[in-house]
Each structure stands twice: as structure tokens, then as C-alpha cells.
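S.K.: So here's work-v4.cif, just mmCIF, C-alpha atoms and all ligand atoms:
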```
data_run
#
loop_
_atom_site.group_PDB
_atom_site.id
_atom_site.type_symbol
_atom_site.label_atom_id
_atom_site.label_comp_id
_atom_site.auth_asym_id
_atom_site.auth_seq_id
_atom_site.Cartn_x
_atom_site.Cartn_y
_atom_site.Cartn_z
ATOM 1 C CA MET A 5 135.327 -2.699 4.950
ATOM 2 C CA THR A 6 134.584 -0.951 8.221
ATOM 3 C CA GLU A 7 137.105 -0.561 10.989
ATOM 4 C CA SER A 8 137.299 -3.517 13.375
ATOM 5 C CA ARG A 9 135.445 -3.117 16.649
ATOM 6 C CA GLY A 10 138.153 -5.150 18.333
ATOM 7 C CA LEU A 11 138.736 -8.772 19.212
ATOM 8 C CA VAL A 12 136.107 -10.800 21.066
ATOM 9 C CA LEU A 13 137.215 -14.008 22.739
ATOM 10 C CA VAL A 14 134.585 -16.765 22.618
ATOM 11 C CA VAL A 15 135.138 -19.655 25.050
ATOM 12 C CA GLU A 16 132.609 -22.340 24.122
ATOM 13 C CA ASP A 17 133.058 -26.101 23.871
ATOM 14 C CA GLU A 18 130.040 -26.721 21.625
ATOM 15 C CA ARG A 19 131.451 -26.208 18.158
ATOM 16 C CA HIS A 20 128.186 -25.394 16.408
ATOM 17 C CA ILE A 21 127.367 -22.686 18.974
ATOM 18 C CA ALA A 22 130.869 -21.231 18.706
ATOM 19 C CA ASP A 23 130.567 -21.205 14.896
ATOM 20 C CA ILE A 24 127.293 -19.257 15.014
ATOM 21 C CA GLN A 25 128.722 -16.796 17.532
ATOM 22 C CA ARG A 26 131.793 -16.298 15.353
ATOM 23 C CA LEU A 27 129.641 -15.715 12.274
ATOM 24 C CA TYR A 28 127.395 -13.078 13.857
ATOM 25 C CA LEU A 29 130.145 -11.259 15.703
ATOM 26 C CA ALA A 30 132.319 -11.146 12.578
ATOM 27 C CA ARG A 31 129.365 -9.775 10.622
ATOM 28 C CA GLU A 32 129.138 -6.925 13.156
ATOM 29 C CA GLY A 33 132.776 -6.070 12.601
ATOM 30 C CA PHE A 34 134.356 -7.821 15.569
ATOM 31 C CA GLY A 35 137.434 -9.957 15.252
ATOM 32 C CA VAL A 36 136.723 -13.347 16.862
ATOM 33 C CA HIS A 37 138.964 -15.916 18.483
ATOM 34 C CA VAL A 38 137.449 -19.193 19.710
ATOM 35 C CA GLU A 39 138.774 -21.509 22.400
ATOM 36 C CA THR A 40 136.956 -24.689 23.439
ATOM 37 C CA ASP A 41 138.690 -25.308 26.766
ATOM 38 C CA GLY A 42 138.693 -23.105 29.883
ATOM 39 C CA ASN A 43 142.431 -23.174 30.479
ATOM 40 C CA ALA A 44 143.230 -22.394 26.855
ATOM 41 C CA GLY A 45 140.616 -19.631 27.009
ATOM 42 C CA LEU A 46 142.190 -18.044 30.065
ATOM 43 C CA ALA A 47 145.617 -18.153 28.425
ATOM 44 C CA ALA A 48 144.139 -16.532 25.306
ATOM 45 C CA ALA A 49 142.483 -13.810 27.406
ATOM 46 C CA LYS A 50 145.830 -12.928 28.939
ATOM 47 C CA ALA A 51 147.794 -13.138 25.683
ATOM 48 C CA MET A 52 145.330 -11.418 23.324
ATOM 49 C CA GLN A 53 143.679 -8.851 25.587
ATOM 50 C CA PRO A 54 140.275 -8.987 23.848
ATOM 51 C CA VAL A 55 137.766 -6.124 24.206
ATOM 52 C CA ALA A 56 135.225 -8.596 25.627
ATOM 53 C CA ILE A 57 134.790 -12.289 26.438
ATOM 54 C CA VAL A 58 131.771 -14.508 25.729
ATOM 55 C CA LEU A 59 132.145 -17.278 28.262
ATOM 56 C CA ASP A 60 130.289 -20.581 28.535
ATOM 57 C CA ILE A 61 129.915 -21.887 32.103
ATOM 58 C CA GLY A 62 130.167 -25.613 31.389
ATOM 59 C CA LEU A 63 133.647 -26.055 29.922
ATOM 60 C CA PRO A 64 136.324 -28.753 29.962
ATOM 61 C CA GLY A 65 139.466 -27.831 31.874
ATOM 62 C CA LEU A 66 138.534 -24.726 33.818
ATOM 63 C CA ASP A 67 134.789 -23.964 34.086
ATOM 64 C CA GLY A 68 133.384 -20.513 33.385
ATOM 65 C CA LEU A 69 133.006 -19.557 37.045
ATOM 66 C CA ALA A 70 136.619 -20.449 37.897
ATOM 67 C CA PHE A 71 137.617 -18.582 34.720
ATOM 68 C CA CYS A 72 135.860 -15.406 35.937
ATOM 69 C CA LEU A 73 137.436 -15.660 39.347
ATOM 70 C CA ALA A 74 140.942 -16.256 37.955
ATOM 71 C CA LEU A 75 140.691 -13.341 35.530
ATOM 72 C CA ARG A 76 139.365 -10.868 38.118
ATOM 73 C CA ASP A 77 141.882 -12.065 40.703
ATOM 74 C CA ALA A 78 144.585 -11.200 38.184
ATOM 75 C CA GLY A 79 143.195 -7.633 38.059
ATOM 76 C CA ASP A 80 141.787 -8.090 34.539
ATOM 77 C CA TRP A 81 138.410 -6.304 34.149
ATOM 78 C CA THR A 82 137.677 -7.159 30.525
ATOM 79 C CA PRO A 83 133.867 -7.277 30.157
ATOM 80 C CA ILE A 84 132.482 -10.842 30.350
ATOM 81 C CA VAL A 85 129.125 -12.045 29.038
ATOM 82 C CA LEU A 86 128.414 -15.367 30.698
ATOM 83 C CA VAL A 87 126.518 -18.048 28.770
ATOM 84 C CA THR A 88 124.449 -20.364 30.936
ATOM 85 C CA ALA A 89 122.215 -23.356 30.241
ATOM 86 C CA ARG A 90 118.640 -23.463 31.450
ATOM 87 C CA GLY A 91 118.506 -24.532 35.084
ATOM 88 C CA GLU A 92 121.912 -23.071 35.921
ATOM 89 C CA GLU A 93 120.445 -20.067 37.713
ATOM 90 C CA PRO A 94 122.539 -20.396 40.897
ATOM 91 C CA ASP A 95 125.633 -20.539 38.691
ATOM 92 C CA ARG A 96 124.555 -17.401 36.855
ATOM 93 C CA ILE A 97 124.134 -15.415 40.079
ATOM 94 C CA LEU A 98 127.454 -16.764 41.328
ATOM 95 C CA GLY A 99 129.013 -15.753 38.016
ATOM 96 C CA LEU A 100 127.872 -12.149 38.510
ATOM 97 C CA GLU A 101 129.290 -12.239 42.019
ATOM 98 C CA LEU A 102 132.571 -13.503 40.595
ATOM 99 C CA GLY A 103 132.827 -10.519 38.282
ATOM 100 C CA ALA A 104 130.882 -11.323 35.088
ATOM 101 C CA ASP A 105 129.084 -8.291 33.622
ATOM 102 C CA ASP A 106 126.035 -9.908 32.074
ATOM 103 C CA TYR A 107 124.617 -13.272 31.114
ATOM 104 C CA LEU A 108 122.628 -15.012 28.410
ATOM 105 C CA THR A 109 120.647 -18.211 28.852
ATOM 106 C CA LYS A 110 120.845 -20.916 26.159
ATOM 107 C CA PRO A 111 119.217 -21.097 23.724
ATOM 108 C CA PHE A 112 119.603 -17.453 22.734
ATOM 109 C CA SER A 113 119.481 -15.748 19.374
ATOM 110 C CA PRO A 114 122.804 -14.588 17.937
ATOM 111 C CA ARG A 115 121.283 -11.120 17.609
ATOM 112 C CA GLU A 116 120.623 -11.066 21.343
ATOM 113 C CA LEU A 117 124.272 -11.918 21.943
ATOM 114 C CA VAL A 118 125.425 -9.095 19.672
ATOM 115 C CA ALA A 119 123.079 -6.625 21.394
ATOM 116 C CA ARG A 120 124.283 -7.629 24.865
ATOM 117 C CA LEU A 121 127.888 -7.426 23.843
ATOM 118 C CA LYS A 122 127.474 -3.921 22.437
ATOM 119 C CA THR A 123 125.726 -2.820 25.631
ATOM 120 C CA VAL A 124 128.492 -4.232 27.814
ATOM 121 C CA LEU A 125 131.120 -2.493 25.709
ATOM 122 C CA ARG A 126 129.242 0.805 25.794
ATOM 123 C CA ARG A 127 128.944 0.503 29.544
ATOM 124 C CA ALA A 128 132.656 -0.290 29.883
ATOM 125 C CA ALA A 129 133.451 2.858 27.900
ATOM 126 C CA GLY A 130 131.313 4.794 30.359
ATOM 127 C CA PRO A 131 129.782 8.239 30.135
ATOM 128 C CA PRO A 132 131.888 11.142 28.875
ATOM 129 C CA GLY A 133 134.243 12.531 31.487
ATOM 130 C CA GLU A 134 133.018 14.655 34.331
ATOM 131 C CA PRO A 135 135.107 16.148 37.100
ATOM 132 C CA ALA A 136 135.989 13.974 40.056
ATOM 133 C CA GLY A 137 133.726 14.316 43.056
ATOM 134 C CA ARG A 138 134.112 13.617 46.749
ATOM 135 C CA PHE A 139 131.376 11.708 48.531
ATOM 136 C CA GLY A 140 132.261 11.311 52.151
ATOM 137 C CA ARG A 141 135.331 9.073 52.204
ATOM 138 C CA LEU A 142 135.007 8.266 48.502
ATOM 139 C CA THR A 143 136.562 10.104 45.578
ATOM 140 C CA VAL A 144 134.943 9.175 42.260
ATOM 141 C CA ASP A 145 136.590 10.171 38.980
ATOM 142 C CA PRO A 146 134.289 9.448 36.005
ATOM 143 C CA ALA A 147 136.923 10.381 33.417
ATOM 144 C CA ARG A 148 139.459 7.893 34.760
ATOM 145 C CA ARG A 149 136.763 5.566 36.078
ATOM 146 C CA THR A 150 138.506 5.278 39.416
ATOM 147 C CA VAL A 151 137.201 5.209 42.973
ATOM 148 C CA LEU A 152 139.346 5.955 45.999
ATOM 149 C CA ARG A 153 138.338 5.126 49.557
ATOM 150 C CA ASP A 154 140.334 7.136 52.069
ATOM 151 C CA GLY A 155 142.778 7.735 49.214
ATOM 152 C CA GLU A 156 143.206 4.028 48.451
ATOM 153 C CA PRO A 157 142.030 2.638 45.079
ATOM 154 C CA VAL A 158 138.985 0.342 45.104
ATOM 155 C CA GLU A 159 138.844 -2.070 42.165
ATOM 156 C CA LEU A 160 135.384 -2.044 40.610
ATOM 157 C CA THR A 161 134.035 -3.775 37.507
ATOM 158 C CA ALA A 162 132.729 -1.522 34.734
ATOM 159 C CA THR A 163 129.167 -2.255 35.809
ATOM 160 C CA GLU A 164 129.817 -1.688 39.504
ATOM 161 C CA PHE A 165 131.412 1.653 38.673
ATOM 162 C CA ASN A 166 128.524 2.749 36.459
ATOM 163 C CA LEU A 167 125.937 1.804 39.075
ATOM 164 C CA LEU A 168 127.755 3.741 41.789
ATOM 165 C CA ALA A 169 128.319 6.761 39.538
ATOM 166 C CA HIS A 170 124.673 6.733 38.467
ATOM 167 C CA LEU A 171 123.391 6.733 42.038
ATOM 168 C CA LEU A 172 125.830 9.453 43.078
ATOM 169 C CA GLN A 173 124.811 11.736 40.215
ATOM 170 C CA ARG A 174 121.532 12.376 42.031
ATOM 171 C CA PRO A 175 122.219 12.055 45.742
ATOM 172 C CA GLY A 176 119.131 11.225 47.752
ATOM 173 C CA GLN A 177 117.003 10.305 44.735
ATOM 174 C CA VAL A 178 115.430 6.868 45.106
ATOM 175 C CA PHE A 179 115.712 4.620 42.061
ATOM 176 C CA THR A 180 113.621 1.482 41.590
ATOM 177 C CA ARG A 181 115.423 -1.677 40.468
ATOM 178 C CA GLU A 182 113.592 -1.414 37.129
ATOM 179 C CA GLN A 183 114.840 2.151 36.655
ATOM 180 C CA LEU A 184 118.391 1.107 37.428
ATOM 181 C CA LEU A 185 118.194 -1.807 34.979
ATOM 182 C CA ALA A 186 116.968 0.565 32.286
ATOM 183 C CA GLN A 187 119.351 3.429 33.046
ATOM 184 C CA VAL A 188 122.538 1.601 34.032
ATOM 185 C CA TRP A 189 122.207 -1.701 32.164
ATOM 186 C CA GLY A 190 120.151 -0.402 29.246
ATOM 187 C CA TYR A 191 117.431 -3.033 29.651
ATOM 188 C CA PRO A 192 114.001 -1.381 29.683
ATOM 189 C CA GLY A 193 111.329 -3.862 30.720
ATOM 190 C CA TYR A 194 113.878 -6.434 31.804
ATOM 191 C CA ARG A 195 112.293 -8.619 34.441
ATOM 192 C CA ASP A 196 115.100 -10.191 36.426
ATOM 193 C CA THR A 197 115.841 -7.348 38.810
ATOM 194 C CA ARG A 198 117.852 -9.534 41.190
ATOM 195 C CA MET A 199 120.863 -8.606 39.087
ATOM 196 C CA VAL A 200 120.630 -5.119 40.622
ATOM 197 C CA ASP A 201 120.667 -6.570 44.152
ATOM 198 C CA VAL A 202 123.708 -8.682 43.328
ATOM 199 C CA PHE A 203 125.650 -5.664 42.089
ATOM 200 C CA VAL A 204 124.602 -3.493 45.035
ATOM 201 C CA SER A 205 125.801 -6.131 47.494
ATOM 202 C CA GLN A 206 129.104 -6.410 45.632
ATOM 203 C CA LEU A 207 129.560 -2.642 45.791
ATOM 204 C CA ARG A 208 128.803 -2.649 49.503
ATOM 205 C CA ALA A 209 131.288 -5.452 50.091
ATOM 206 C CA LYS A 210 134.004 -3.526 48.259
ATOM 207 C CA LEU A 211 133.262 -0.091 49.744
ATOM 208 C CA GLY A 212 132.642 -1.319 53.275
ATOM 209 C CA ASP A 213 131.409 1.298 55.727
ATOM 210 C CA ALA A 214 132.229 4.033 53.201
ATOM 211 C CA SER A 215 129.346 2.827 50.989
ATOM 212 C CA PRO A 216 126.788 5.603 50.400
ATOM 213 C CA ILE A 217 124.122 3.185 49.123
ATOM 214 C CA ARG A 218 120.928 2.994 51.129
ATOM 215 C CA THR A 219 118.184 0.387 50.665
ATOM 216 C CA VAL A 220 114.732 1.954 50.542
ATOM 217 C CA ARG A 221 112.477 -0.885 51.576
ATOM 218 C CA GLY A 222 109.837 -1.784 49.010
ATOM 219 C CA VAL A 223 111.176 0.770 46.534
ATOM 220 C CA GLY A 224 114.830 0.441 45.582
ATOM 221 C CA TYR A 225 118.109 2.189 46.260
ATOM 222 C CA SER A 226 119.510 5.657 46.741
ATOM 223 C CA ALA A 227 122.914 7.108 47.474
ATOM 224 C CA THR A 228 123.314 9.474 50.372
ATOM 225 C CA PRO A 229 126.903 10.456 50.990
ATOM 226 C CA PRO A 230 127.624 11.339 54.625
ATOM 227 C CA ASN A 231 128.488 14.950 53.766
ATOM 228 C CA ALA A 232 125.357 15.590 51.668
HETATM 229 CA CA CA B 301 129.447 -26.099 27.496
#
```
Turn the structure described in the file into C-alpha cells.
M.R.:
Amino acid sequence: MTESRGLVLVVEDERHIADIQRLYLAREGFGVHVETDGNAGLAAAKAMQPVAIVLDIGLPGLDGLAFCLALRDAGDWTPIVLVTARGEEPDRILGLELGADDYLTKPFSPRELVARLKTVLRRAAGPPGEPAGRFGRLTVDPARRTVLRDGEPVELTATEFNLLAHLLQRPGQVFTREQLLAQVWGYPGYRDTRMVDVFVSQLRAKLGDASPIRTVRGVGYSATPPNA
């Protein structure tokens, strides 16, 4: 028996889907708790403090988007993989804006779910610690995974932090969206690069005029701190 990888909370109202998710996650060494209602799921997230949450959008009680918003509003940054049905694309983008870390579209293979979950967890753990750096008005501490703006903490999701830290590691270098998806998200060849744009706009909204991120038209993004 290998050591548990931690508890994953599955919030899914379709029993047969929840059962398959439970089976595959348990096989990979995760503990699994299933809730079939959004409100019960949110209560479980607060009470059990899972390492990650697999969250259906269409749920009785509280839907997945309201769930994301409520959790993030409460200052809880547990990684969330959002599960969407085909045709729910606007909801998926909104879900990322509301603080989800990744998404899967139904129907998906259980192996895909396991792979995504591992990637999200790896990302949340972040790269090994490096000394804190100052970038204009920002202070970024990779070891503690904190960002200060003018000395005040800025709350970032694991993915937002990793994207910012990645750009700042090579100031001035221009990254394409495909490169960022491969290097930050771990998805080589992944086609839906709008996810990168969503996360960049979230970072800009949170960092305000202290944001070092520059759009390079037709290419991608780079970070150029004011003091570089
Ligand atoms: Ca559902």
C-alpha cells in the first residue's frame, strides 16, 4: 500500500460519473470524497480541506461557478478542475475567471482526469524555492509563493502565480501562448490558447498598474519590470 496522495473532493451529481472518478482516483492513491450537491460540496471543501476539487458546473443547490466564486471569496485557493458539458464554453471561460485552475469537457477519459489533476497539483506545489525578487513595485517570493505590491499582499491562484513567476524569470523574453501553455500548464500541443489570455487578464486586474506583463501583438507576452 503506497502512501495516500491526499483527499480529492469530487462534486458531481451524476452518480455513474462520480463512481468512475472515485474508482480511478482511488487507484492512483488519492482518497476520494463525493458530494452530489453544490452546497454540500462547499461545506465539505471547508470541513475536509482536500488537496484538490473536481467540480461539475451543472449541480443542484449551488452551481459550479457560484461554488468557485464562494470558495475563492473565502480566501481558499485549493486547486479546482472544472468539469463542463459540451456547449458550455462561456461557462468554462467564466469558471477560469472565477478562480478555477483547469477544466475538462464531458465526455472525458478517467485517465485524462487523473493526468490533469496531477498537473494541477504539481503546479500548486510550484518550482523549488528561489530567493525573492523585486520587480518594480512587486516583490515575488517563489519559496513562499507570495506576491507583494507596494508591500501589500496580492492574492493569486497557483496558476496565476506560476505564470507571473515564469514570465519574470526571463525579463524581456517574449513567450508565445503555445510556449506558455507547454511551460506553465504542461500542455504541449494544447490548442485552446485562450486560457493563457484569460489568466493574463486576471493577473493584470489583480496587479493593476504594477503589472509588468506586456502584450506583444501577434506573438504573445513578455514581462518587463519598470526597473529592468
Ligand atoms: Ca451535472
S.K.: Can you pull out the residues contacting Val36 of chain A? Cut-off 12 Å, using only C-alpha atoms, and skip same-chain residues under 3 positions away; I want them as a PDB file with C-alpha atoms, in the frame of the given file.
M.R.:
```
ATOM      1  CA  SER A   8     137.299  -3.517  13.375  1.00  0.00           C
ATOM      2  CA  ARG A   9     135.445  -3.117  16.649  1.00  0.00           C
ATOM      3  CA  GLY A  10     138.153  -5.150  18.333  1.00  0.00           C
ATOM      4  CA  LEU A  11     138.736  -8.772  19.212  1.00  0.00           C
ATOM      5  CA  VAL A  12     136.107 -10.800  21.066  1.00  0.00           C
ATOM      6  CA  LEU A  13     137.215 -14.008  22.739  1.00  0.00           C
ATOM      7  CA  VAL A  14     134.585 -16.765  22.618  1.00  0.00           C
ATOM      8  CA  VAL A  15     135.138 -19.655  25.050  1.00  0.00           C
ATOM      9  CA  ALA A  22     130.869 -21.231  18.706  1.00  0.00           C
ATOM     10  CA  ASP A  23     130.567 -21.205  14.896  1.00  0.00           C
ATOM     11  CA  ILE A  24     127.293 -19.257  15.014  1.00  0.00           C
ATOM     12  CA  GLN A  25     128.722 -16.796  17.532  1.00  0.00           C
ATOM     13  CA  ARG A  26     131.793 -16.298  15.353  1.00  0.00           C
ATOM     14  CA  LEU A  27     129.641 -15.715  12.274  1.00  0.00           C
ATOM     15  CA  TYR A  28     127.395 -13.078  13.857  1.00  0.00           C
ATOM     16  CA  LEU A  29     130.145 -11.259  15.703  1.00  0.00           C
ATOM     17  CA  ALA A  30     132.319 -11.146  12.578  1.00  0.00           C
ATOM     18  CA  ARG A  31     129.365  -9.775  10.622  1.00  0.00           C
ATOM     19  CA  GLU A  32     129.138  -6.925  13.156  1.00  0.00           C
ATOM     20  CA  GLY A  33     132.776  -6.070  12.601  1.00  0.00           C
ATOM     21  CA  GLU A  39     138.774 -21.509  22.400  1.00  0.00           C
ATOM     22  CA  ALA A  48     144.139 -16.532  25.306  1.00  0.00           C
ATOM     23  CA  MET A  52     145.330 -11.418  23.324  1.00  0.00           C
ATOM     24  CA  PRO A  54     140.275  -8.987  23.848  1.00  0.00           C
ATOM     25  CA  VAL A  55     137.766  -6.124  24.206  1.00  0.00           C
ATOM     26  CA  ALA A  56     135.225  -8.596  25.627  1.00  0.00           C
ATOM     27  CA  ILE A  57     134.790 -12.289  26.438  1.00  0.00           C
ATOM     28  CA  VAL A  58     131.771 -14.508  25.729  1.00  0.00           C
TER      29      VAL A  58
END
```
S.K.: Collect all residues with atoms no farther than 8 Å from ligand CA 301 (chain B), counting only C-alpha atoms and all ligand atoms, and output them as a PyMOL selection string.
M.R.: chain A and resi 16-18+60-64
S.K.: Using all atoms listed in the file, which residue out of A:Pro175, A:Lys110, A:Leu152, A:Ile97 lies closest to Thr197 of chain A?
M.R.: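 Closest residue, counting all atoms listed in the file: A:Ile97.
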S.K.: Expressed in Å to a single decimal, how great is the separation between atom CA of Asp106 of chain A and atom CA of Gly155 of chain A?
M.R.: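 If I compute the distance from atom CA of Asp106 of chain A to atom CA of Gly155 of chain A, I get 29.8 Å.
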S.K.: Using all atoms listed in the file, which of the listed residues (A:Leu102, A:Val151, A:Val220, A:Val87) sits closest to Arg120 of chain A?
M.R.: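 Among the listed residues, the smallest separation from Arg120 of chain A belongs to A:Val87.
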S.K.: Which value, in Å to one decimal, gives the distance between atom CA of Leu142 of chain A and atom CA of Asp154 of chain A?
M.R.: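 Atom-to-atom, atom CA of Leu142 of chain A and atom CA of Asp154 of chain A are spaced 6.5 Å apart.
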S.K.: Skip Gln177 of chain A itself and residues of its chain fewer than 3 positions away, then list as a ChimeraX atom specification all residues within 8 Å of it, counting all atoms listed in the file.
M.R.: /A:171,174,226-227
S.K.: Choose the residue, out of A:Gly103, A:Gly137, A:Gly222, A:Gly190, that has the smallest atom-to-atom separation from Leu75 of chain A; count all atoms listed in the file.
M.R.: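 When distances to Leu75 of chain A are compared using all atoms listed in the file, the smallest one comes from A:Gly103.
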S.K.: Write out as a list in words each polymer residue whose atoms come within 12 Å of segment 76-79 of chain A, counting all atoms listed in the file; drop sequence neighbours fewer than 4 positions from it.
M.R.: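 Close residues of segment 76-79 of chain A: Leu46, Ala49, Lys50, Leu69, Ala70, Phe71, Cys72, Pro83, Ile84, Gly99, Leu100, Glu101, Leu102, Gly103, Ala104, Asp105, Val158, Glu159, Leu160, Thr161 and Ala162 of chain A.
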S.K.: For atom CA of Val178 of chain A and atom CA of Val223 of chain A, determine how far apart the two atoms are, in Å to one decimal place.
M.R.: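 Result for atom CA of Val178 of chain A versus atom CA of Val223 of chain A: 7.6 Å, one decimal.
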S.K.: Counting only C-alpha atoms, figure out which residue out of A:His170, A:Arg218, A:His20, A:Arg141 gets nearest to Val188 of chain A.
M.R.: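 Checking each of A:His170, A:Arg218, A:His20, A:Arg141 against Val188 of chain A, counting only C-alpha atoms, the winner is A:His170.
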